[in-house]
Amino acid sequence: GAVVSQHPSRVICKSGTSVKIECRSLDFQATTMFWYRQFPKQSLMLMATSNEGSKATYEQGVEKDKFLINHASLTLSTLTVTSAHPEDSSFYICSASRDRGRTNEKLFFGSGTQLSVL
Amino acid sequence: GDSVTQMEGPVTLSEEAFLTINCTYTATGYPSLFWYVQYPGEGLQLLLKATKADDKGSNKGFEATYRKETTSFHLEKGSVQVSDSAVYFCALSDRPQGAQKLVFGQGTRLTINP
């Protein structure tokens, strides 16, 4: 099946620094990618939807200036957590769609990134 | 807004035991319901789905029935294997097939001992 590679799998950083997480679709072109966040013992929550070549659409309550999303090519989307603080510590997961998000059968997930901000 | 509540884990069972992971939902419309599974080191994968009331989704020996009257979509398997050890996520979508706006539960970690 299709593979989505997410990197890094785990990152620890100091407060105030920026962290970039990459999401790559390895064997298909992903016109639409999604970014999720999961705090401990809470649900996986959609943060934003990114379409290749256009600005990302953020969910309510997600700061677009803090969570910068770049989807510059059909195989790569990046999420940059700017000026990270301990409250940003969370598990971040990306997913990539082969059909612009129309069906779940063509939606493939990365393995996630555990971010810890000290 | 829409929400999904799952049985809190972790759940530990012996091989060949019967498995139930409870999932209930709150939605204003008629959502589609899904179970995703995440094996260690891998991404979430769609396990099964149901798009309307009384539908039963099934795959790899797992089953779940869309119960509108109880707003539930419990995951069951008659005889679990060690290879079923994973994290299971219940989810809903307010679009018939759409991947966008998936609402997930918090996940249930399942460990099967030989």
# chains A, B, ... in the order shown; residues from 1 in each chain; ligands from 1
call {"tool": "residues_around", "arguments": {"residues": "Glu87 in chain A", "least_positions_apart": "4", "cutoff": "10 Å", "atoms": "only C-alpha atoms", "output": "number ranges by chain"}}
result
A: 15, 39, 116-118
call {"tool": "residues_around", "arguments": {"residues": "range 14-28 of chain B", "least_positions_apart": "2", "cutoff": "6 Å", "atoms": "only C-alpha atoms", "output": "ChimeraX atom specification"}}
result
/B:2-7,71-81,112-114
call {"tool": "residues_around", "arguments": {"residues": "His7 in chain A", "least_positions_apart": "6", "cutoff": "12 Å", "atoms": "only C-alpha atoms", "output": "list of chain:residue names"}}
result
A:Val19, A:Lys20, A:Ile21, A:Glu22, A:Cys23, A:Arg24, A:Ser25, A:Leu76, A:Ser77, A:Thr78, A:Leu79, A:Tyr92, A:Ile93, A:Cys94, A:Gly110, A:Ser111, A:Gly112, A:Thr113, A:Gln114, A:Leu115, B:Gly41
call {"tool": "atom_distance", "arguments": {"atom1": "CA of Phe108 in chain A", "atom2": "CA of Gly61 in chain A"}}
result
25.0 Å
call {"tool": "interface_residues", "arguments": {"of": "chain A", "to": "chain B", "cutoff": "9 Å", "atoms": "only C-alpha atoms", "output": "JSON, numbers by chain"}}
result
{"A": [3, 4, 5, 6, 9, 34, 38, 39, 40, 41, 42, 43, 44, 45, 46, 49, 93, 94, 95, 97, 100, 101, 102, 103, 104, 105, 106, 107, 108, 109, 110, 111, 112]}
call {"tool": "atom_distance", "arguments": {"atom1": "CA of Lys52 in chain B", "atom2": "CA of Tyr30 in chain B"}}
result
7.4 Å
call {"tool": "closest_residue", "arguments": {"among": "B:Leu33, B:Val11, B:Val87, B:Leu92", "to": "Tyr66 in chain B", "atoms": "only C-alpha atoms"}}
result
B:Leu33
call {"tool": "atom_distance", "arguments": {"atom1": "CA of Thr80 in chain A", "atom2": "CA of Ser18 in chain A"}}
result
6.7 Å
call {"tool": "residues_around", "arguments": {"residues": "Met47 in chain A", "least_positions_apart": "5", "cutoff": "9 Å", "atoms": "only C-alpha atoms", "output": "MDAnalysis selection string"}}
result
chainID A and resid 34:37 57:62 67
call {"tool": "write_last_selection", "arguments": {"atoms": "N, CA and C atoms", "output": "compact mmCIF listing (two decimals), in the first residue's frame"}}
result
# COMPACT_ATOMS: atom_id res chain seq x y z
N PHE A 34 -3.17 16.51 5.61
CA PHE A 34 -3.81 16.94 6.85
C PHE A 34 -2.81 16.82 8.00
N TRP A 35 -2.92 17.74 8.94
CA TRP A 35 -2.09 17.69 10.14
C TRP A 35 -3.00 17.58 11.37
N TYR A 36 -2.65 16.61 12.24
CA TYR A 36 -3.41 16.37 13.46
C TYR A 36 -2.49 16.53 14.66
N ARG A 37 -3.11 16.74 15.82
CA ARG A 37 -2.37 16.85 17.07
C ARG A 37 -3.12 16.07 18.14
N THR A 57 -5.63 25.66 5.31
CA THR A 57 -6.86 26.03 6.01
C THR A 57 -6.76 25.51 7.44
N TYR A 58 -6.83 26.42 8.41
CA TYR A 58 -6.65 26.05 9.81
C TYR A 58 -7.99 25.87 10.50
N GLU A 59 -8.03 24.92 11.42
CA GLU A 59 -9.23 24.73 12.22
C GLU A 59 -9.33 25.83 13.28
N GLN A 60 -10.52 26.01 13.76
CA GLN A 60 -10.76 27.05 14.76
C GLN A 60 -9.89 26.80 15.99
N GLY A 61 -9.25 27.87 16.45
CA GLY A 61 -8.43 27.76 17.65
C GLY A 61 -6.98 27.41 17.39
N VAL A 62 -6.62 27.14 16.14
CA VAL A 62 -5.23 26.82 15.81
C VAL A 62 -4.57 28.07 15.22
N PHE A 67 1.85 27.75 13.87
CA PHE A 67 1.99 26.46 13.20
C PHE A 67 2.00 26.72 11.69
call {"tool": "residues_around", "arguments": {"residues": "Lys66 in chain A", "least_positions_apart": "6", "cutoff": "8 Å", "atoms": "only C-alpha atoms", "output": "list in words"}}
result
Thr80, Val81, Thr82 and Ser83 of chain A
call {"tool": "select_by_dssp", "arguments": {"residues": "chain A", "states": "strand (DSSP E or B)", "output": "VMD selection string"}}
result
chain A and resid 4 to 7 10 to 13 19 to 25 32 to 38 44 to 51 57 to 58 67 to 73 76 to 81 90 to 97 107 to 109 113 to 117
call {"tool": "write_last_selection", "arguments": {"atoms": "C-alpha atoms", "output": "compact mmCIF listing (two decimals), in the first residue's frame"}}
result
# COMPACT_ATOMS: atom_id res chain seq x y z
CA VAL A 4 3.67 8.21 4.07
CA SER A 5 6.93 8.99 5.81
CA GLN A 6 6.95 11.40 8.73
CA HIS A 7 10.18 12.72 10.21
CA ARG A 10 10.66 12.13 18.20
CA VAL A 11 12.13 15.55 18.95
CA ILE A 12 13.08 17.33 22.13
CA CYS A 13 13.74 21.06 21.98
CA VAL A 19 10.83 22.74 15.11
CA LYS A 20 10.07 21.48 11.60
CA ILE A 21 8.23 18.23 10.95
CA GLU A 22 8.22 16.72 7.47
CA CYS A 23 5.56 14.58 5.87
CA ARG A 24 6.35 12.86 2.58
CA SER A 25 4.22 10.69 0.35
CA THR A 32 -4.12 17.29 -0.01
CA MET A 33 -2.43 16.69 3.32
CA PHE A 34 -3.81 16.94 6.85
CA TRP A 35 -2.09 17.69 10.14
CA TYR A 36 -3.41 16.37 13.46
CA ARG A 37 -2.37 16.85 17.07
CA GLN A 38 -3.00 14.64 20.08
CA LEU A 44 -6.57 13.19 17.81
CA MET A 45 -7.61 16.66 16.59
CA LEU A 46 -7.41 18.05 13.07
CA MET A 47 -5.24 21.17 13.04
CA ALA A 48 -5.16 22.13 9.38
CA THR A 49 -5.66 21.03 5.81
CA SER A 50 -3.04 21.87 3.23
CA ASN A 51 -3.45 21.80 -0.51
CA THR A 57 -6.86 26.03 6.01
CA TYR A 58 -6.65 26.05 9.81
CA PHE A 67 1.99 26.46 13.20
CA LEU A 68 3.37 27.22 9.76
CA ILE A 69 2.40 24.76 7.06
CA ASN A 70 4.11 24.60 3.71
CA HIS A 71 2.92 22.24 0.97
CA ALA A 72 5.27 23.28 -1.81
CA SER A 73 5.28 20.04 -3.76
CA LEU A 76 6.03 17.06 0.75
CA SER A 77 4.25 19.06 3.43
CA THR A 78 6.02 20.57 6.43
CA LEU A 79 4.71 21.77 9.76
CA THR A 80 6.90 24.25 11.63
CA VAL A 81 6.13 24.92 15.27
CA SER A 90 2.16 16.84 21.82
CA PHE A 91 1.96 14.03 19.30
CA TYR A 92 1.65 15.34 15.74
CA ILE A 93 0.43 13.15 12.86
CA CYS A 94 0.17 13.93 9.17
CA SER A 95 -1.92 12.23 6.55
CA ALA A 96 -1.86 12.43 2.77
CA SER A 97 -4.73 11.97 0.37
CA LEU A 107 -6.02 8.53 2.94
CA PHE A 108 -2.65 7.43 4.33
CA PHE A 109 -1.08 8.40 7.64
CA THR A 113 6.11 12.86 15.76
CA GLN A 114 6.34 13.15 19.53
CA LEU A 115 7.38 16.72 20.35
CA SER A 116 8.64 17.53 23.82
CA VAL A 117 9.44 21.15 24.62
call {"tool": "decode", "arguments": {"residues": "range 52-66 of chain B", "atoms": "N, CA and C atoms", "output": "PDB file, in the first residue's frame"}}
result
ATOM      1  N   LYS B  52     -23.999   3.894   7.274  1.00  0.00           N
ATOM      2  CA  LYS B  52     -25.367   4.190   7.693  1.00  0.00           C
ATOM      3  C   LYS B  52     -25.801   3.236   8.799  1.00  0.00           C
ATOM      4  N   ALA B  53     -26.890   3.590   9.447  1.00  0.00           N
ATOM      5  CA  ALA B  53     -27.389   2.821  10.585  1.00  0.00           C
ATOM      6  C   ALA B  53     -27.585   1.353  10.226  1.00  0.00           C
ATOM      7  N   ASP B  54     -27.191   0.483  11.163  1.00  0.00           N
ATOM      8  CA  ASP B  54     -27.313  -0.973  11.068  1.00  0.00           C
ATOM      9  C   ASP B  54     -26.293  -1.605  10.126  1.00  0.00           C
ATOM     10  N   ASP B  55     -25.485  -0.799   9.449  1.00  0.00           N
ATOM     11  CA  ASP B  55     -24.389  -1.341   8.639  1.00  0.00           C
ATOM     12  C   ASP B  55     -23.388  -2.022   9.551  1.00  0.00           C
ATOM     13  N   LYS B  56     -22.809  -3.116   9.068  1.00  0.00           N
ATOM     14  CA  LYS B  56     -21.735  -3.774   9.800  1.00  0.00           C
ATOM     15  C   LYS B  56     -20.477  -3.704   8.960  1.00  0.00           C
ATOM     16  N   GLY B  57     -19.426  -3.128   9.530  1.00  0.00           N
ATOM     17  CA  GLY B  57     -18.122  -3.128   8.880  1.00  0.00           C
ATOM     18  C   GLY B  57     -17.329  -4.308   9.401  1.00  0.00           C
ATOM     19  N   SER B  58     -16.524  -4.924   8.518  1.00  0.00           N
ATOM     20  CA  SER B  58     -15.718  -6.058   8.966  1.00  0.00           C
ATOM     21  C   SER B  58     -14.436  -6.140   8.160  1.00  0.00           C
ATOM     22  N   ASN B  59     -13.386  -6.623   8.834  1.00  0.00           N
ATOM     23  CA  ASN B  59     -12.088  -6.774   8.176  1.00  0.00           C
ATOM     24  C   ASN B  59     -11.152  -7.502   9.140  1.00  0.00           C
ATOM     25  N   LYS B  60     -10.398  -8.433   8.650  1.00  0.00           N
ATOM     26  CA  LYS B  60      -9.383  -9.164   9.424  1.00  0.00           C
ATOM     27  C   LYS B  60      -9.963  -9.795  10.687  1.00  0.00           C
ATOM     28  N   GLY B  61     -11.228 -10.187  10.652  1.00  0.00           N
ATOM     29  CA  GLY B  61     -11.859 -10.814  11.806  1.00  0.00           C
ATOM     30  C   GLY B  61     -12.490  -9.838  12.769  1.00  0.00           C
ATOM     31  N   PHE B  62     -12.261  -8.544  12.551  1.00  0.00           N
ATOM     32  CA  PHE B  62     -12.868  -7.505  13.375  1.00  0.00           C
ATOM     33  C   PHE B  62     -14.226  -7.112  12.783  1.00  0.00           C
ATOM     34  N   GLU B  63     -15.149  -6.750  13.687  1.00  0.00           N
ATOM     35  CA  GLU B  63     -16.471  -6.289  13.255  1.00  0.00           C
ATOM     36  C   GLU B  63     -16.910  -5.111  14.110  1.00  0.00           C
ATOM     37  N   ALA B  64     -17.742  -4.257  13.511  1.00  0.00           N
ATOM     38  CA  ALA B  64     -18.376  -3.187  14.271  1.00  0.00           C
ATOM     39  C   ALA B  64     -19.690  -2.851  13.585  1.00  0.00           C
ATOM     40  N   THR B  65     -20.735  -2.659  14.366  1.00  0.00           N
ATOM     41  CA  THR B  65     -22.049  -2.363  13.817  1.00  0.00           C
ATOM     42  C   THR B  65     -22.468  -0.955  14.204  1.00  0.00           C
ATOM     43  N   TYR B  66     -22.934  -0.207  13.244  1.00  0.00           N
ATOM     44  CA  TYR B  66     -23.394   1.173  13.415  1.00  0.00           C
ATOM     45  C   TYR B  66     -24.754   1.135  14.102  1.00  0.00           C
TER      46      TYR B  66
END
